[in-house]
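For reference, model.txt is printed below; it contains compact mmCIF, N, CA and C atoms.
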```
# COMPACT_ATOMS: atom_id res chain seq x y z
N MET A 177 -34.15 2.87 26.11
CA MET A 177 -33.07 1.88 26.19
C MET A 177 -32.88 1.18 24.85
N LYS A 178 -34.00 0.84 24.19
CA LYS A 178 -33.93 0.16 22.90
C LYS A 178 -33.23 1.03 21.86
N ARG A 179 -33.55 2.33 21.88
CA ARG A 179 -32.91 3.26 20.94
C ARG A 179 -31.41 3.37 21.21
N LEU A 180 -31.04 3.36 22.48
CA LEU A 180 -29.63 3.43 22.85
C LEU A 180 -28.89 2.21 22.32
N LEU A 181 -29.46 1.03 22.49
CA LEU A 181 -28.84 -0.19 22.00
C LEU A 181 -28.71 -0.17 20.48
N ILE A 182 -29.72 0.31 19.81
CA ILE A 182 -29.67 0.39 18.34
C ILE A 182 -28.58 1.37 17.92
N SER A 183 -28.48 2.50 18.60
CA SER A 183 -27.44 3.48 18.29
C SER A 183 -26.04 2.91 18.49
N VAL A 184 -25.86 2.19 19.58
CA VAL A 184 -24.56 1.57 19.86
C VAL A 184 -24.24 0.53 18.79
N PHE A 185 -25.23 -0.27 18.41
CA PHE A 185 -25.03 -1.27 17.37
C PHE A 185 -24.64 -0.62 16.05
N LEU A 186 -25.33 0.44 15.67
CA LEU A 186 -25.03 1.13 14.41
C LEU A 186 -23.64 1.76 14.43
N CYS A 187 -23.25 2.32 15.55
CA CYS A 187 -21.90 2.89 15.66
C CYS A 187 -20.85 1.79 15.54
N GLY A 188 -21.10 0.67 16.17
CA GLY A 188 -20.17 -0.46 16.07
C GLY A 188 -20.08 -0.97 14.65
N ALA A 189 -21.20 -1.06 13.95
CA ALA A 189 -21.20 -1.52 12.56
C ALA A 189 -20.43 -0.55 11.68
N ALA A 190 -20.59 0.74 11.92
CA ALA A 190 -19.86 1.75 11.15
C ALA A 190 -18.36 1.63 11.40
N LEU A 191 -17.98 1.36 12.64
CA LEU A 191 -16.56 1.19 12.96
C LEU A 191 -15.98 -0.03 12.26
N VAL A 192 -16.70 -1.12 12.27
CA VAL A 192 -16.25 -2.34 11.59
C VAL A 192 -16.12 -2.08 10.10
N ALA A 193 -17.07 -1.37 9.51
CA ALA A 193 -17.02 -1.07 8.08
C ALA A 193 -15.82 -0.21 7.74
N SER A 194 -15.51 0.77 8.59
CA SER A 194 -14.35 1.62 8.31
C SER A 194 -13.05 0.84 8.45
N GLN A 195 -12.99 -0.11 9.38
CA GLN A 195 -11.81 -0.95 9.52
C GLN A 195 -11.63 -1.86 8.32
N ALA A 196 -12.72 -2.36 7.78
CA ALA A 196 -12.65 -3.24 6.61
C ALA A 196 -12.08 -2.48 5.42
N SER A 197 -12.47 -1.22 5.26
CA SER A 197 -11.93 -0.46 4.13
C SER A 197 -10.48 -0.08 4.37
N ALA A 198 -10.06 -0.02 5.61
CA ALA A 198 -8.66 0.30 5.91
C ALA A 198 -7.73 -0.85 5.57
N ASN A 199 -8.27 -2.05 5.38
CA ASN A 199 -7.44 -3.20 5.03
C ASN A 199 -7.00 -3.18 3.59
N ASP A 200 -7.51 -2.25 2.80
CA ASP A 200 -7.12 -2.07 1.41
C ASP A 200 -7.36 -3.30 0.55
N SER A 201 -8.45 -3.97 0.80
CA SER A 201 -8.85 -5.04 -0.09
C SER A 201 -10.31 -4.80 -0.44
N HIS A 202 -10.70 -5.24 -1.57
CA HIS A 202 -12.05 -5.02 -2.04
C HIS A 202 -12.68 -6.36 -2.39
N ASP A 203 -13.75 -6.70 -1.66
CA ASP A 203 -14.46 -7.94 -1.91
C ASP A 203 -13.53 -9.14 -2.00
N GLY A 204 -12.58 -9.23 -1.09
CA GLY A 204 -11.69 -10.38 -1.05
C GLY A 204 -10.51 -10.30 -2.00
N ILE A 205 -10.38 -9.21 -2.73
CA ILE A 205 -9.27 -9.05 -3.67
C ILE A 205 -8.15 -8.29 -2.97
N GLU A 206 -6.99 -8.90 -2.88
CA GLU A 206 -5.84 -8.24 -2.28
C GLU A 206 -5.18 -7.34 -3.31
N ILE A 207 -4.74 -6.18 -2.87
CA ILE A 207 -4.02 -5.28 -3.75
C ILE A 207 -2.54 -5.61 -3.67
N THR A 208 -1.97 -6.00 -4.81
CA THR A 208 -0.54 -6.30 -4.88
C THR A 208 0.05 -5.62 -6.10
N ILE A 209 1.35 -5.41 -6.05
CA ILE A 209 2.04 -4.78 -7.16
C ILE A 209 3.46 -5.32 -7.25
N ASN A 210 3.87 -5.64 -8.46
CA ASN A 210 5.24 -6.08 -8.69
C ASN A 210 6.08 -4.83 -8.90
N ILE A 211 6.91 -4.52 -7.93
CA ILE A 211 7.68 -3.26 -7.99
C ILE A 211 8.78 -3.31 -9.04
N ASN A 212 9.04 -4.47 -9.60
CA ASN A 212 10.04 -4.58 -10.67
C ASN A 212 9.44 -4.35 -12.05
N ASP A 213 8.14 -4.46 -12.17
CA ASP A 213 7.48 -4.31 -13.46
C ASP A 213 6.58 -3.08 -13.56
N ALA A 214 6.14 -2.57 -12.42
CA ALA A 214 5.13 -1.50 -12.40
C ALA A 214 5.66 -0.19 -12.97
N ASN A 215 4.77 0.55 -13.61
CA ASN A 215 5.12 1.88 -14.07
C ASN A 215 4.87 2.88 -12.93
N ALA A 216 5.23 4.12 -13.14
CA ALA A 216 5.13 5.14 -12.09
C ALA A 216 3.69 5.35 -11.63
N GLU A 217 2.77 5.34 -12.56
CA GLU A 217 1.37 5.56 -12.19
C GLU A 217 0.85 4.43 -11.30
N GLU A 218 1.21 3.21 -11.61
CA GLU A 218 0.79 2.07 -10.80
C GLU A 218 1.40 2.15 -9.40
N LEU A 219 2.68 2.49 -9.32
CA LEU A 219 3.34 2.62 -8.03
C LEU A 219 2.67 3.71 -7.19
N ASP A 220 2.36 4.82 -7.84
CA ASP A 220 1.71 5.95 -7.18
C ASP A 220 0.34 5.55 -6.63
N LYS A 221 -0.43 4.87 -7.41
CA LYS A 221 -1.81 4.55 -7.04
C LYS A 221 -1.94 3.35 -6.09
N LEU A 222 -1.02 2.40 -6.16
CA LEU A 222 -1.20 1.16 -5.42
C LEU A 222 -0.36 1.03 -4.15
N LEU A 223 0.65 1.88 -4.00
CA LEU A 223 1.47 1.83 -2.78
C LEU A 223 1.07 2.95 -1.83
N ILE A 224 0.95 2.61 -0.57
CA ILE A 224 0.59 3.58 0.46
C ILE A 224 1.77 4.50 0.72
N GLY A 225 1.53 5.81 0.71
CA GLY A 225 2.57 6.79 1.03
C GLY A 225 3.51 7.10 -0.13
N ILE A 226 3.18 6.62 -1.31
CA ILE A 226 4.00 6.87 -2.49
C ILE A 226 3.21 7.75 -3.45
N GLY A 227 3.73 8.93 -3.71
CA GLY A 227 3.11 9.83 -4.65
C GLY A 227 3.86 9.80 -5.97
N PRO A 228 3.51 10.71 -6.87
CA PRO A 228 4.13 10.71 -8.19
C PRO A 228 5.65 10.87 -8.17
N GLU A 229 6.16 11.73 -7.31
CA GLU A 229 7.62 11.96 -7.27
C GLU A 229 8.37 10.73 -6.75
N LYS A 230 7.87 10.13 -5.69
CA LYS A 230 8.53 8.93 -5.16
C LYS A 230 8.40 7.76 -6.13
N ALA A 231 7.28 7.70 -6.83
CA ALA A 231 7.11 6.64 -7.83
C ALA A 231 8.17 6.78 -8.93
N GLU A 232 8.41 8.00 -9.38
CA GLU A 232 9.45 8.24 -10.38
C GLU A 232 10.83 7.89 -9.82
N SER A 233 11.04 8.18 -8.53
CA SER A 233 12.32 7.84 -7.90
C SER A 233 12.52 6.33 -7.86
N ILE A 234 11.45 5.59 -7.65
CA ILE A 234 11.55 4.12 -7.65
C ILE A 234 11.96 3.63 -9.03
N ILE A 235 11.37 4.19 -10.06
CA ILE A 235 11.71 3.80 -11.44
C ILE A 235 13.17 4.12 -11.73
N LEU A 236 13.62 5.32 -11.36
CA LEU A 236 15.02 5.71 -11.60
C LEU A 236 15.97 4.79 -10.85
N TYR A 237 15.67 4.50 -9.59
CA TYR A 237 16.49 3.60 -8.78
C TYR A 237 16.57 2.22 -9.42
N ARG A 238 15.42 1.72 -9.85
CA ARG A 238 15.35 0.40 -10.49
C ARG A 238 16.17 0.37 -11.78
N ASN A 239 16.13 1.45 -12.55
CA ASN A 239 16.90 1.52 -13.79
C ASN A 239 18.41 1.56 -13.52
N GLU A 240 18.80 2.21 -12.42
CA GLU A 240 20.22 2.32 -12.07
C GLU A 240 20.78 1.06 -11.42
N HIS A 241 20.00 0.44 -10.54
CA HIS A 241 20.48 -0.66 -9.70
C HIS A 241 19.97 -2.04 -10.08
N GLY A 242 19.07 -2.10 -11.04
CA GLY A 242 18.47 -3.38 -11.41
C GLY A 242 17.25 -3.70 -10.57
N GLU A 243 16.71 -4.87 -10.80
CA GLU A 243 15.49 -5.27 -10.11
C GLU A 243 15.70 -5.38 -8.60
N PHE A 244 14.63 -5.11 -7.87
CA PHE A 244 14.64 -5.28 -6.42
C PHE A 244 14.62 -6.77 -6.13
N LYS A 245 15.46 -7.19 -5.21
CA LYS A 245 15.50 -8.61 -4.83
C LYS A 245 14.69 -8.87 -3.56
N THR A 246 14.54 -7.82 -2.74
CA THR A 246 13.72 -7.90 -1.53
C THR A 246 12.92 -6.61 -1.41
N ALA A 247 11.83 -6.67 -0.68
CA ALA A 247 11.02 -5.48 -0.44
C ALA A 247 11.82 -4.43 0.34
N ASP A 248 12.70 -4.88 1.23
CA ASP A 248 13.48 -3.95 2.04
C ASP A 248 14.40 -3.06 1.20
N GLU A 249 14.78 -3.52 0.02
CA GLU A 249 15.64 -2.71 -0.86
C GLU A 249 14.94 -1.43 -1.29
N LEU A 250 13.63 -1.41 -1.22
CA LEU A 250 12.87 -0.22 -1.57
C LEU A 250 13.25 0.95 -0.67
N ALA A 251 13.70 0.66 0.54
CA ALA A 251 14.13 1.70 1.47
C ALA A 251 15.40 2.40 0.99
N GLY A 252 16.09 1.85 -0.01
CA GLY A 252 17.26 2.49 -0.58
C GLY A 252 16.92 3.64 -1.50
N VAL A 253 15.64 3.76 -1.86
CA VAL A 253 15.19 4.87 -2.71
C VAL A 253 15.06 6.11 -1.85
N LYS A 254 15.64 7.21 -2.31
CA LYS A 254 15.59 8.46 -1.56
C LYS A 254 14.13 8.85 -1.26
N GLY A 255 13.87 9.13 0.00
CA GLY A 255 12.54 9.55 0.42
C GLY A 255 11.63 8.42 0.88
N ILE A 256 12.13 7.19 0.78
CA ILE A 256 11.33 6.03 1.21
C ILE A 256 12.07 5.35 2.35
N GLY A 257 11.40 5.22 3.46
CA GLY A 257 12.01 4.59 4.61
C GLY A 257 11.39 3.24 4.91
N LEU A 258 11.92 2.60 5.93
CA LEU A 258 11.42 1.28 6.31
C LEU A 258 9.96 1.33 6.76
N ALA A 259 9.51 2.46 7.31
CA ALA A 259 8.11 2.57 7.72
C ALA A 259 7.19 2.45 6.51
N THR A 260 7.57 3.07 5.41
CA THR A 260 6.77 2.98 4.19
C THR A 260 6.81 1.56 3.64
N VAL A 261 7.96 0.93 3.70
CA VAL A 261 8.07 -0.46 3.24
C VAL A 261 7.15 -1.34 4.08
N GLU A 262 7.13 -1.15 5.39
CA GLU A 262 6.28 -1.96 6.27
C GLU A 262 4.81 -1.76 5.96
N LYS A 263 4.40 -0.52 5.69
CA LYS A 263 3.00 -0.25 5.34
C LYS A 263 2.59 -0.99 4.07
N ASN A 264 3.54 -1.26 3.21
CA ASN A 264 3.25 -1.85 1.90
C ASN A 264 3.71 -3.29 1.76
N ARG A 265 4.28 -3.86 2.79
CA ARG A 265 4.91 -5.18 2.68
C ARG A 265 3.96 -6.23 2.09
N GLU A 266 2.71 -6.23 2.47
CA GLU A 266 1.76 -7.22 1.96
C GLU A 266 1.39 -6.98 0.49
N ARG A 267 1.59 -5.75 0.04
CA ARG A 267 1.26 -5.39 -1.35
C ARG A 267 2.40 -5.67 -2.31
N ILE A 268 3.62 -5.60 -1.80
CA ILE A 268 4.82 -5.67 -2.66
C ILE A 268 5.08 -7.10 -3.10
N LYS A 269 5.19 -7.25 -4.40
CA LYS A 269 5.59 -8.52 -5.00
C LYS A 269 6.84 -8.28 -5.82
N LEU A 270 7.65 -9.32 -5.98
CA LEU A 270 8.89 -9.20 -6.72
C LEU A 270 8.87 -10.10 -7.94
```

What's the structure tokens form of this structure?
Amino acid sequence: MKRLLISVFLCGAALVASQASANDSHDGIEITININDANAEELDKLLIGIGPEKAESIILYRNEHGEFKTADELAGVKGIGLATVEKNRERIKL
């Protein structure tokens, strides 16, 4: 019984640890990015669901249309939808 309780505790601790890493913060540091200033590499690395091609598309869109005034405007970039914006809303700064 004692071993079972220890196993359950360890599984629970592992689950909590995996959830903590899913929050995308490290030791209390929030990951944020100014989408009006960031280069393609920063956009690629710091935004969830954004790879190199979408990062370049963000830069091109920004150059054509000017700075983003709201995070939701990011959905105007081809290949980026509101679901991606929602995943990144806490990270996006203007």

### Query
Given the choices A:Ala259, A:Val253, A:Asn212, A:Glu266, which gets closest to Tyr237 (chain A) if the distance is worked out from all atoms listed in the file?
A:Val253

### Query
For the point (7.1, -1.1, 1.9) in file coordinates, what residues are within 10 Å, counting only C-alpha atoms? Give the answer as a ChimeraX atom specification?
/A:223-226,247-251,256-268

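From CA of Ile209 (chain A) back to CA of Ile235 (chain A), the distance works out to 13.6 Å.
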
### Task
Apply DSSP to the structure's backbone, then extract all residues of region 198-253 of chain A labelled strand (DSSP E) and return them as JSON, numbers by chain.
{"A": [201, 202, 205, 206, 209, 210]}

How would the residues just picked look written out with N, CA and C atoms as a JSON list (two decimals), in the coordinates of the input?
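So out.json came out as:
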```json
[["chain", "number", "residue", "atom", "x", "y", "z"],
["A", 201, "SER", "N", -8.45, -3.97, 0.80],
["A", 201, "SER", "CA", -8.85, -5.04, -0.09],
["A", 201, "SER", "C", -10.31, -4.80, -0.44],
["A", 202, "HIS", "N", -10.70, -5.24, -1.57],
["A", 202, "HIS", "CA", -12.05, -5.02, -2.04],
["A", 202, "HIS", "C", -12.68, -6.36, -2.39],
["A", 205, "ILE", "N", -10.38, -9.21, -2.73],
["A", 205, "ILE", "CA", -9.27, -9.05, -3.67],
["A", 205, "ILE", "C", -8.15, -8.29, -2.97],
["A", 206, "GLU", "N", -6.99, -8.90, -2.88],
["A", 206, "GLU", "CA", -5.84, -8.24, -2.28],
["A", 206, "GLU", "C", -5.18, -7.34, -3.31],
["A", 209, "ILE", "N", 1.35, -5.41, -6.05],
["A", 209, "ILE", "CA", 2.04, -4.78, -7.16],
["A", 209, "ILE", "C", 3.46, -5.32, -7.25],
["A", 210, "ASN", "N", 3.87, -5.64, -8.46],
["A", 210, "ASN", "CA", 5.24, -6.08, -8.69],
["A", 210, "ASN", "C", 6.08, -4.83, -8.90]]
```

### Query
So which residues touch Ala231 (chain A) within 8 Å, counting only C-alpha atoms, skipping near sequence neighbours fewer than 6 positions away, as a PyMOL selection string?
chain A and resi 216-217+219-220

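For the pair CA of Lys245 (chain A) and CA of Gly204 (chain A), the interatomic distance is 27.5 Å.
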
### Nearest to Leu270 (chain A) by atom-to-atom distance, counting only C-alpha atoms, from A:Glu218, A:Glu243, A:Glu229, A:Glu206
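Once distances to Leu270 (chain A) are computed over only C-alpha atoms, the minimum belongs to A:Glu243.
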
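Here the question is which of A:Gly255, A:Lys221, A:Ile211, A:Lys269 gets nearest to Arg238 (chain A) using only C-alpha atoms, and that residue is A:Ile211.
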
### Summary
Restricting to all atoms listed in the file, whichever of A:Ala214, A:Ile207, A:Lys254, A:Gly242 is closest to Lys230 (chain A) is A:Lys254

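The space between CA of Leu236 (chain A) and atom N of Asn210 (chain A) spans 16.2 Å.
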
Mind rebuilding region 215-228 of chain A with N, CA, C and O atoms and writing that out as a compact mmCIF listing (two decimals), in the frame of the given file?
```txt
# COMPACT_ATOMS: atom_id res chain seq x y z
N ASN A 215 4.77 0.55 -13.61
CA ASN A 215 5.12 1.88 -14.07
C ASN A 215 4.87 2.88 -12.93
O ASN A 215 4.33 2.51 -11.88
N ALA A 216 5.23 4.12 -13.14
CA ALA A 216 5.13 5.14 -12.09
C ALA A 216 3.69 5.35 -11.63
O ALA A 216 3.43 5.51 -10.44
N GLU A 217 2.77 5.34 -12.56
CA GLU A 217 1.37 5.56 -12.19
C GLU A 217 0.85 4.43 -11.30
O GLU A 217 0.16 4.68 -10.31
N GLU A 218 1.21 3.21 -11.61
CA GLU A 218 0.79 2.07 -10.80
C GLU A 218 1.40 2.15 -9.40
O GLU A 218 0.72 1.90 -8.40
N LEU A 219 2.68 2.49 -9.32
CA LEU A 219 3.34 2.62 -8.03
C LEU A 219 2.67 3.71 -7.19
O LEU A 219 2.43 3.54 -6.00
N ASP A 220 2.36 4.82 -7.84
CA ASP A 220 1.71 5.95 -7.18
C ASP A 220 0.34 5.55 -6.63
O ASP A 220 0.01 5.86 -5.49
N LYS A 221 -0.43 4.87 -7.41
CA LYS A 221 -1.81 4.55 -7.04
C LYS A 221 -1.94 3.35 -6.09
O LYS A 221 -2.85 3.32 -5.28
N LEU A 222 -1.02 2.40 -6.16
CA LEU A 222 -1.20 1.16 -5.42
C LEU A 222 -0.36 1.03 -4.15
O LEU A 222 -0.61 0.15 -3.33
N LEU A 223 0.65 1.88 -4.00
CA LEU A 223 1.47 1.83 -2.78
C LEU A 223 1.07 2.95 -1.83
O LEU A 223 0.90 4.10 -2.25
N ILE A 224 0.95 2.61 -0.57
CA ILE A 224 0.59 3.58 0.46
C ILE A 224 1.77 4.50 0.72
O ILE A 224 2.90 4.05 0.93
N GLY A 225 1.53 5.81 0.71
CA GLY A 225 2.57 6.79 1.03
C GLY A 225 3.51 7.10 -0.13
O GLY A 225 4.52 7.76 0.05
N ILE A 226 3.18 6.62 -1.31
CA ILE A 226 4.00 6.87 -2.49
C ILE A 226 3.21 7.75 -3.45
O ILE A 226 2.13 7.37 -3.91
N GLY A 227 3.73 8.93 -3.71
CA GLY A 227 3.11 9.83 -4.65
C GLY A 227 3.86 9.80 -5.97
O GLY A 227 4.75 8.97 -6.17
N PRO A 228 3.51 10.71 -6.87
CA PRO A 228 4.13 10.71 -8.19
C PRO A 228 5.65 10.87 -8.17
O PRO A 228 6.35 10.19 -8.93
```
